[in-house]
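Q: Structure file target.txt (compact mmCIF, C-alpha atoms) right here:
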# COMPACT_ATOMS: atom_id res chain seq x y z
CA MET T 45 -11.97 40.68 -3.02
CA CYS T 46 -15.15 39.85 -1.16
CA GLY T 47 -15.60 38.09 2.16
CA ILE T 48 -13.46 38.27 5.25
CA TYR T 49 -9.83 37.32 4.68
CA TYR T 50 -7.22 37.58 7.28
CA ALA T 51 -4.89 34.73 7.92
CA VAL T 52 -2.95 34.27 11.03
CA GLY T 53 -1.17 31.59 12.70
CA LYS T 54 -0.44 28.11 11.74
CA ALA T 55 -2.64 25.20 12.02
CA ARG T 56 -3.16 21.66 11.22
CA ILE T 57 -6.06 20.46 9.38
CA ILE T 58 -9.13 19.03 8.71
CA ALA T 59 -11.47 16.28 8.51
CA LEU T 60 -14.55 17.57 6.82
CA ASN T 61 -16.04 14.13 6.42
CA MET T 62 -19.57 14.74 7.62
CA VAL T 63 -21.55 14.02 4.46
CA LEU T 64 -24.70 15.90 3.55
CA MET T 65 -27.30 13.30 2.69
CA MET T 66 -29.39 15.64 0.58
CA LEU T 67 -26.71 16.32 -2.03
CA GLY T 68 -28.43 16.24 -5.36
CA THR T 69 -25.72 18.52 -6.71
CA LEU T 70 -22.85 16.23 -5.75
CA GLY T 71 -24.23 12.93 -6.98
CA ALA T 72 -24.10 9.53 -5.36
CA LEU T 73 -21.88 8.83 -2.38
CA ALA T 74 -18.92 6.56 -2.75
CA GLU T 75 -18.04 3.77 -0.37
CA PRO T 76 -16.99 4.87 3.15
CA ALA T 77 -13.38 6.00 3.21
CA ALA T 78 -10.83 6.46 5.96
CA ALA T 79 -11.26 9.82 7.66
CA PHE T 80 -8.78 11.89 9.59
CA PRO T 81 -7.75 10.57 12.98
CA GLY T 82 -10.75 10.37 15.27
CA GLN T 83 -13.23 11.62 12.67
CA PRO T 84 -15.91 9.25 11.38
CA GLY T 85 -17.24 10.01 7.93
CA GLN T 86 -17.68 9.16 4.28
CA SER T 87 -16.16 10.41 1.06
CA SER T 88 -18.12 11.49 -1.97
CA ALA T 89 -16.84 11.66 -5.51
CA LEU T 90 -16.89 15.38 -6.22
CA GLY T 91 -16.63 14.82 -9.96
CA ILE T 92 -17.83 17.66 -12.17
CA ASP T 93 -18.72 19.82 -9.19
CA VAL T 94 -15.03 20.30 -8.43
CA PRO T 95 -13.36 19.75 -11.82
CA ASN T 96 -10.33 21.99 -11.26
CA PRO T 97 -7.58 21.27 -8.72
CA GLU T 98 -6.47 24.90 -8.79
CA ALA T 99 -7.41 27.45 -6.12
CA SER T 100 -8.15 31.19 -6.23
CA LEU T 101 -5.75 31.88 -3.38
CA LEU T 102 -3.53 30.22 -0.82
CA VAL T 103 -3.68 30.75 2.94
CA PHE T 104 -0.57 29.59 4.78
CA SER T 105 -0.28 29.31 8.54
CA ASP T 106 3.15 28.75 10.12
CA HIS T 107 3.29 31.32 12.90
CA PRO T 108 3.98 30.75 15.64
CA GLU T 109 5.54 27.53 14.41
CA ARG T 110 6.01 26.21 17.95
CA VAL T 111 2.74 26.59 19.85
CA LYS T 112 3.29 27.53 23.50
CA GLU T 113 -0.02 29.24 24.27
CA TYR T 114 -3.75 28.76 23.90
CA GLY T 115 -5.58 31.00 21.47
CA LEU T 116 -6.33 31.75 17.82
CA LEU T 117 -3.85 30.50 15.23
CA CYS T 118 -5.60 31.26 11.96
CA GLN T 119 -8.86 32.78 10.77
CA GLY T 120 -10.29 33.56 7.35
CA GLY T 121 -13.31 33.39 5.10
CA LEU T 122 -14.44 31.43 2.04
CA LEU T 123 -15.33 32.84 -1.38
CA PRO T 124 -18.45 31.62 -3.21
CA LEU T 125 -17.47 29.16 -5.97
CA ARG T 126 -13.79 30.13 -5.73
CA PRO T 127 -11.66 27.42 -4.07
CA VAL T 128 -9.38 28.42 -1.21
CA ARG T 129 -6.38 26.24 -0.31
CA PHE T 130 -5.26 26.37 3.31
CA GLN T 131 -2.05 24.80 4.61
CA PHE T 132 -0.62 24.80 8.11
CA TYR T 133 2.46 23.51 9.91
CA HIS T 134 2.64 23.51 13.73
CA GLN T 135 4.67 21.92 16.50
CA GLY T 136 3.53 21.20 20.03
CA GLY T 137 5.40 23.29 22.59
CA LEU T 138 3.55 22.66 25.87
CA ASP T 139 3.93 20.11 28.63
CA THR T 140 0.21 20.50 29.36
CA PRO T 141 -2.54 19.16 27.04
CA LEU T 142 -2.68 20.91 23.67
CA TYR T 143 -5.24 20.38 20.93
CA LEU T 144 -5.59 21.95 17.52
CA VAL T 145 -9.25 22.55 16.75
CA LEU T 146 -10.69 23.69 13.43
CA ARG T 147 -14.14 25.26 13.43
CA LEU T 148 -16.53 26.62 10.82
CA ARG T 149 -18.89 29.50 11.49
CA ASN T 150 -21.87 30.48 9.32
CA ARG T 151 -22.68 34.16 9.75
CA GLY T 152 -25.11 34.14 6.83
CA PRO T 153 -28.91 33.77 6.76
CA GLN T 154 -28.99 30.48 4.81
CA ARG T 155 -27.53 27.01 4.94
CA ALA T 156 -24.02 26.72 3.50
CA LEU T 157 -22.80 23.79 1.45
CA ILE T 158 -19.02 23.31 1.30
CA SER T 159 -16.90 20.77 -0.58
CA ALA T 160 -13.53 19.89 0.92
CA VAL T 161 -10.45 17.91 -0.06
CA ASP T 162 -8.01 17.39 2.77
CA GLY T 163 -4.91 15.65 4.04
CA VAL T 164 -2.88 15.68 7.23
CA GLY T 165 0.37 14.22 8.51
CA LEU T 166 2.13 13.96 11.87
CA GLY T 167 5.87 14.00 12.47
CA THR T 168 7.90 13.06 15.53
CA ALA T 169 10.82 14.86 17.14
CA ASP T 170 13.28 12.61 15.30
CA ASN T 171 11.40 12.68 11.95
CA TYR T 172 9.66 15.96 11.16
CA PHE T 173 9.76 15.09 7.44
CA GLN T 174 7.07 12.48 7.99
CA ALA T 175 4.46 15.19 8.64
CA GLY T 176 4.75 16.96 5.29
CA HIS T 177 5.17 13.76 3.31
CA GLN T 178 2.13 12.04 4.85
CA ASN T 179 0.12 15.20 4.25
CA ASN T 180 0.88 15.11 0.51
CA LEU T 181 0.31 11.36 0.25
CA GLU T 182 -3.25 11.96 1.44
CA PHE T 183 -4.02 15.31 -0.13
CA LEU T 184 -2.59 15.18 -3.66
CA PRO T 185 -4.34 11.98 -4.89
CA LYS T 186 -7.70 13.13 -3.52
CA LEU T 187 -7.34 16.61 -5.01
CA LEU T 188 -6.38 15.42 -8.48
CA LYS T 189 -8.89 12.57 -8.63
CA GLY T 190 -11.77 14.74 -7.40
CA LYS T 191 -12.41 12.81 -4.18
CA GLY T 192 -13.47 14.74 -1.12
CA SER T 193 -16.18 15.45 1.40
CA CYS T 194 -19.22 17.67 1.75
CA LEU T 195 -20.38 19.61 4.77
CA ALA T 196 -23.53 21.56 5.53
CA VAL T 197 -23.52 24.40 8.07
CA GLY T 198 -26.84 25.91 9.08
CA PRO T 199 -27.48 29.66 9.38
CA GLY T 200 -25.87 30.99 12.55
CA GLU T 201 -24.32 27.60 13.24
CA GLU T 202 -20.80 27.13 14.60
CA ILE T 203 -19.29 23.64 14.47
CA THR T 204 -16.04 21.81 15.08
CA VAL T 205 -15.00 19.88 11.99
CA TRP T 206 -11.61 18.55 13.11
CA SER T 207 -9.45 18.28 16.21
CA GLN T 208 -6.13 16.65 17.05
CA ASP T 209 -4.02 16.44 20.17
CA LEU T 210 -0.50 17.79 19.67
CA PRO T 211 1.95 16.55 22.32
CA LYS T 212 5.20 18.40 22.86
CA GLU T 213 7.64 18.13 19.93
CA ILE T 214 5.05 16.50 17.64
CA VAL T 215 4.59 18.30 14.31
CA ALA T 216 1.36 18.55 12.37
CA SER T 217 1.19 19.46 8.70
CA GLY T 218 -2.10 19.64 6.84
CA THR T 219 -3.78 20.96 3.72
CA VAL T 220 -7.43 21.50 2.88
CA GLN T 221 -9.04 22.94 -0.22
CA TRP T 222 -12.50 24.35 0.37
CA CYS T 223 -15.09 25.44 -2.17
CA LEU T 224 -18.21 27.23 -0.97
CA LEU T 225 -20.92 25.84 -3.25
CA GLN T 226 -23.93 27.44 -1.60
CA GLY T 227 -24.48 30.19 0.94
CA GLY T 228 -22.10 32.85 2.12
CA LYS T 229 -20.30 34.51 5.04
CA ILE T 230 -18.50 31.32 6.08
CA GLU T 231 -15.48 31.69 8.33
CA TYR T 232 -12.93 29.11 9.44
CA GLU T 233 -10.96 29.38 12.68
CA LEU T 234 -8.06 27.33 13.95
CA TYR T 235 -7.40 27.33 17.70
CA SER T 236 -4.97 25.85 20.14
CA CYS T 237 -6.95 24.66 23.15
CA THR T 238 -6.78 22.60 26.30
CA SER T 239 -9.37 20.18 24.88
CA PRO T 240 -11.46 19.61 21.72
CA GLU T 241 -14.32 21.39 23.47
CA GLY T 242 -12.32 24.56 24.07
CA PRO T 243 -12.33 27.09 25.55
CA PHE T 244 -11.70 29.06 22.33
CA TYR T 245 -9.72 32.18 23.14
CA ALA T 246 -10.09 34.84 20.44
CA HIS T 247 -6.72 36.58 20.88
CA LEU T 248 -4.20 36.05 18.07
CA LEU T 249 -1.06 34.14 19.01
CA PHE T 250 2.12 35.94 18.01
CA ASN T 251 5.85 35.50 18.59
CA PRO T 252 8.00 38.45 17.44
CA LYS T 253 11.07 36.18 17.28
CA ASP T 254 9.37 33.69 14.97
CA VAL T 255 10.33 34.35 11.34
CA HIS T 256 7.94 31.84 9.80
CA ALA T 257 5.25 33.00 7.37
CA ARG T 258 1.55 33.42 7.77
CA GLY T 259 -0.76 35.21 5.43
CA ILE T 260 -2.75 35.16 2.19
CA TYR T 261 -0.88 34.56 -1.05
CA PRO T 262 -2.35 35.10 -4.53
CA GLU T 263 -0.26 32.49 -6.39
CA ALA T 264 -1.80 29.16 -5.42
CA GLN T 265 -0.41 27.26 -8.42
CA ARG T 266 2.40 27.41 -10.93
CA ARG T 267 2.36 25.87 -14.42
CA ARG T 268 5.02 25.02 -16.98
CA GLU T 269 4.92 23.36 -20.41
CA SER T 270 8.02 21.85 -22.01
CA THR T 271 8.84 20.02 -25.23
CA ILE T 272 12.17 18.17 -25.05
CA ASP T 273 14.00 16.31 -27.80
CA VAL T 274 15.74 13.54 -25.86
CA GLY T 275 17.15 12.19 -29.11
CA ARG T 276 19.90 14.78 -28.86
CA TRP T 277 20.96 13.63 -25.41
CA GLN T 278 24.25 11.75 -25.43
CA GLY T 279 25.85 12.08 -21.98
CA ASP T 280 24.88 11.73 -18.33
CA LYS T 281 24.78 15.52 -17.95
CA ASP T 282 22.01 15.97 -20.52
CA GLN T 283 18.91 16.96 -18.57
CA GLU T 284 16.04 19.37 -18.05
CA PHE T 285 14.73 20.43 -14.64
CA TRP T 286 12.13 22.58 -12.92
CA SER T 287 13.08 24.20 -9.63
CA ILE T 288 10.26 23.65 -7.10
CA GLY T 289 9.88 26.08 -4.21
CA ALA T 290 12.44 28.59 -5.46
CA ALA T 291 9.99 31.53 -5.57
CA ARG T 292 9.61 34.09 -2.79
CA GLN T 293 5.98 35.20 -2.75
CA PRO T 294 4.81 38.40 -1.02
CA SER T 295 1.66 38.38 1.09
CA ALA T 296 -1.46 39.84 -0.54
CA PHE T 297 -1.91 42.08 2.52
CA SER T 298 0.45 42.47 5.46
CA GLY T 299 2.78 39.81 6.70
CA PRO T 300 6.04 38.11 5.71
CA ASP T 301 6.88 36.66 2.32
CA LEU T 302 6.21 32.98 1.72
CA LYS T 303 9.55 31.22 1.22
CA GLY T 304 9.53 27.76 -0.31
CA ASP T 305 6.07 28.00 -1.93
CA TYR T 306 4.56 25.70 0.70
CA GLY T 307 0.96 24.92 -0.28
CA VAL T 308 1.45 25.95 -3.92
CA LEU T 309 0.38 23.38 -6.53
CA TYR T 310 3.00 22.83 -9.27
CA CYS T 311 2.01 21.36 -12.65
CA TRP T 312 4.57 20.45 -15.33
CA SER T 313 3.26 19.31 -18.73
CA LEU T 314 6.00 17.49 -20.64
CA ARG T 315 6.26 16.23 -24.22
CA LEU T 316 9.34 14.03 -24.61
CA TYR T 317 10.18 13.01 -28.16
CA ASN T 318 13.04 11.01 -29.60
CA SER T 319 14.33 12.26 -32.95
CA SER T 320 17.22 9.79 -33.01
CA GLU T 321 17.56 6.32 -34.52
CA GLU T 322 18.02 4.58 -31.18
CA THR T 323 15.96 3.98 -28.06
CA LYS T 324 16.63 6.46 -25.27
CA LYS T 325 16.43 5.51 -21.60
CA ILE T 326 15.10 8.40 -19.48
CA GLU T 327 14.84 8.96 -15.72
CA PHE T 328 12.79 11.35 -13.58
CA ALA T 329 14.58 12.20 -10.34
CA LEU T 330 14.28 14.36 -7.22
CA ASN T 331 17.31 16.57 -6.56
CA PRO T 332 17.18 18.66 -3.33
CA ARG T 333 19.13 21.93 -3.43
CA GLY T 334 18.28 23.79 -0.23
CA GLY T 335 18.86 20.95 2.23
CA LYS T 336 17.27 17.60 3.08
CA ALA T 337 13.89 16.97 1.48
CA THR T 338 11.23 14.37 0.74
CA GLY T 339 8.88 14.48 -2.24
CA THR T 340 5.49 13.35 -3.51
CA PHE T 341 4.49 13.55 -7.19
CA MET T 342 1.31 12.59 -9.02
CA ALA T 343 1.94 11.97 -12.73
CA LYS T 344 -0.61 11.33 -15.46
CA HIS T 345 0.78 9.14 -18.25
CA SER T 346 -1.22 7.37 -20.97
CA GLY T 347 -4.43 8.35 -19.22
CA GLN T 348 -3.42 6.73 -15.91
CA TRP T 349 -2.32 8.27 -12.60
CA GLU T 350 1.02 7.24 -11.12
CA LEU T 351 2.30 8.05 -7.63
CA TRP T 352 6.02 8.81 -7.35
CA GLU T 353 7.54 9.41 -3.94
CA CYS T 354 10.78 9.89 -2.07
CA PRO T 355 9.60 8.86 1.43
CA ASP T 356 12.85 9.39 3.35
CA GLU T 357 14.73 12.66 3.53
CA LEU T 358 17.36 12.97 0.83
CA GLU T 359 20.55 14.98 1.27
CA ALA T 360 21.04 18.14 -0.77
CA ALA T 361 22.68 17.63 -4.21
CA LYS T 362 21.82 13.91 -4.21
CA PHE T 363 19.53 12.30 -6.82
CA TYR T 364 16.62 9.98 -6.07
CA GLY T 365 15.15 8.11 -9.04
CA LEU T 366 11.36 8.40 -9.29
CA ARG T 367 10.54 6.83 -12.65
CA GLU T 368 12.37 5.28 -15.61
CA LEU T 369 11.14 4.76 -19.14
CA GLU T 370 12.41 3.93 -22.61
CA ILE T 371 11.44 6.07 -25.59
CA PRO T 372 11.87 4.20 -28.90
CA ALA T 373 13.30 5.92 -31.97
CA HIS T 374 10.97 8.49 -33.57
CA SER T 375 8.34 8.24 -30.84
CA GLU T 376 7.15 10.42 -27.98
CA GLU T 377 5.73 10.26 -24.45
CA HIS T 378 3.53 12.75 -22.59
CA PHE T 379 3.45 13.41 -18.83
CA VAL T 380 1.57 15.86 -16.62
CA ILE T 381 3.25 15.97 -13.20
CA TYR T 382 1.88 17.61 -10.05
CA THR T 383 3.53 18.27 -6.70
CA ILE T 384 3.25 20.53 -3.65
CA PRO T 385 6.25 21.50 -1.47
CA GLU T 386 6.26 19.39 1.69
CA GLY T 387 6.33 20.71 5.23
CA ALA T 388 9.70 20.22 7.05
CA SER T 389 11.55 19.75 3.74
CA ASN T 390 14.07 22.36 2.65
CA TYR T 391 13.44 24.15 -0.62
CA PRO T 392 14.13 24.56 -3.44
CA VAL T 393 14.30 21.09 -4.93
CA ARG T 394 14.61 20.16 -8.58
CA LEU T 395 12.39 17.78 -10.49
CA VAL T 396 14.84 16.48 -13.10
CA VAL T 397 14.32 14.56 -16.32
CA ARG T 398 17.65 13.22 -17.59
CA ARG T 399 19.31 10.57 -19.70
CA LYS T 400 19.69 7.34 -17.75
CA CYS T 401 23.17 5.97 -18.31
CA GLN T 402 23.96 2.30 -17.82
What do you get writing this file as structure tokens?
A:
Amino acid sequence: MCGIYYAVGKARIIALNMVLMMLGTLGALAEPAAAFPGQPGQSSALGIDVPNPEASLLVFSDHPERVKEYGLLCQGGLLPLRPVRFQFYHQGGLDTPLYLVLRLRNRGPQRALISAVDGVGLGTADNYFQAGHQNNLEFLPKLLKGKGSCLAVGPGEEITVWSQDLPKEIVASGTVQWCLLQGGKIEYELYSCTSPEGPFYAHLLFNPKDVHARGIYPEAQRRRESTIDVGRWQGDKDQEFWSIGAARQPSAFSGPDLKGDYGVLYCWSLRLYNSSEETKKIEFALNPRGGKATGTFMAKHSGQWELWECPDELEAAKFYGLRELEIPAHSEEHFVIYTIPEGASNYPVRLVVRRKCQ
């Protein structure tokens, strides 16, 4: 593996919405879009330049989860033409001003061109779930529809691309997927600081009592394909499910295992066919198993994207209906469903397809 890769800490992410005006490779710019809080910018349709939502590796930063010092939370490097997905989850733990600041550094001899797709969410002391859910509501649609931003970093240049104040008890959850299109030796660094201007202390923050994960993880996505004959379903217990966030993934280097698959992109391709002589009514539902959870799903059906969400935390073992449909006799329906485990939610959860009883 080339480049510099060490992940540490936990951070909250990104607004890479400074658009390079000389982007012949990325095509025409779209209309101005809403940027991250406090960051002016435009979006560009990444299109064929970023055709694949998958990433080569996942960097997850959740240590220390509660930030009580100033210093370095996470640092790593980008791979040429190999997307890197970075997710963080942090909580403010200081009575004094605390900012999260994300910076890019170009140690190479030529200009770097980077595409980025990003999302971020904030949660309050009485609703941490809001942070992870808002993050996915922003990130997933942009990732799957190929909408993002472009950033140029000159040789030897070091720039701040995003900053956010993090008052005590406030939680920040964010995800960014970078792809280094041109240049090399690009590093990203996430700091906790007294202000957006720094100072940027280089020492790594660490709490030996904090059990939360940080590291580099090789499985950035999981795929499944299923063909289901719903014509055989007769009762309310007939169902098929995929358990999301049930895997325990070891770090590629040193560091704790990643529990819950936070930051991992799940993709379930489903062919539902009805072999019976009667119409079958089917429901997709969220079913938390590890504790309270929210959920965000992007589903492609008949060539169109659909957004399914459970915006409020749902108790474990309960079911939340996401989508209903009827499948006529001797016909079939096709779905491709994407999701990413949400910060603050408890995993695993099940994505269930089941017979909908009257």
Q: One decimal, Å: what's the distance from CA of Gly289 in chain T over to CA of Glu386 in chain T, could you say?
A: 9.6 Å
Q: Please provide the set of residues having any atom within 12 Å of range 112-117 of chain T, restricted to only C-alpha atoms, with same-chain residues fewer than 3 positions apart removed, written as a PyMOL selection string.
A: chain T and resi 50-57+104-109+120+132-147+210-213+232-239+242-251+258-259
Q: Using only C-alpha atoms, can you tell me which of T:Ser319, T:Val308, T:Ala388, T:Ile371 comes closest to Ala169 in chain T?
A: T:Ala388
Q: Skip Gly227 in chain T itself and residues of its chain fewer than 6 positions away, then list as a ChimeraX atom specification all residues within 6 Å of it, counting only C-alpha atoms.
A: /T:154-156
Q: I need the residues from that last selection saved to file as a PDB file, in the coordinates of the input (with C-alpha atoms), if you can.
A:
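Saved result, selection.pdb, follows:
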ATOM      1  CA  GLN T 154     -28.990  30.480   4.810  1.00  0.00           C
ATOM      2  CA  ARG T 155     -27.530  27.010   4.940  1.00  0.00           C
ATOM      3  CA  ALA T 156     -24.020  26.720   3.500  1.00  0.00           C
TER       4      ALA T 156
END
Q: Check the smallest atom-to-atom distance from each of T:Pro294, T:Gly176, T:Pro185, T:Pro332 to Leu351 in chain T using all atoms listed in the file, then report the winner.
A: T:Pro185
Q: What's the separation between CA of Asn171 in chain T and CA of Glu357 in chain T, in Å to one decimal place?
A: 9.1 Å
Q: Give as a ChimeraX atom specification the set of residues within 6 Å of the point (-4.3, 30.7, -5.7), where distances use the file's coordinates and all atoms listed in the file.
A: /T:99-102,262-265
Q: Based on the selection just made, write C-alpha atoms of those residues as an mmCIF file, in the frame of the given file.
A:
data_model
loop_
_atom_site.group_PDB
_atom_site.id
_atom_site.type_symbol
_atom_site.label_atom_id
_atom_site.label_comp_id
_atom_site.auth_asym_id
_atom_site.auth_seq_id
_atom_site.Cartn_x
_atom_site.Cartn_y
_atom_site.Cartn_z
ATOM 1 C CA ALA T 99 -7.410 27.450 -6.120
ATOM 2 C CA SER T 100 -8.150 31.190 -6.230
ATOM 3 C CA LEU T 101 -5.750 31.880 -3.380
ATOM 4 C CA LEU T 102 -3.530 30.220 -0.820
ATOM 5 C CA PRO T 262 -2.350 35.100 -4.530
ATOM 6 C CA GLU T 263 -0.260 32.490 -6.390
ATOM 7 C CA ALA T 264 -1.800 29.160 -5.420
ATOM 8 C CA GLN T 265 -0.410 27.260 -8.420
#
Q: Hey, which of T:Pro385, T:Gly334, T:Gly198, T:Gly152 ends up closest to Leu302 in chain T? Count only C-alpha atoms.
A: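 Smallest separation from Leu302 in chain T among the options: T:Pro385.
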Q: Taking all atoms listed in the file into account, name the residue in T:Glu350, T:Asp209, T:Asp282, T:Asp301 that is nearest to Val380 in chain T.
A: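 Once distances to Val380 in chain T are computed over all atoms listed in the file, the minimum belongs to T:Glu350.
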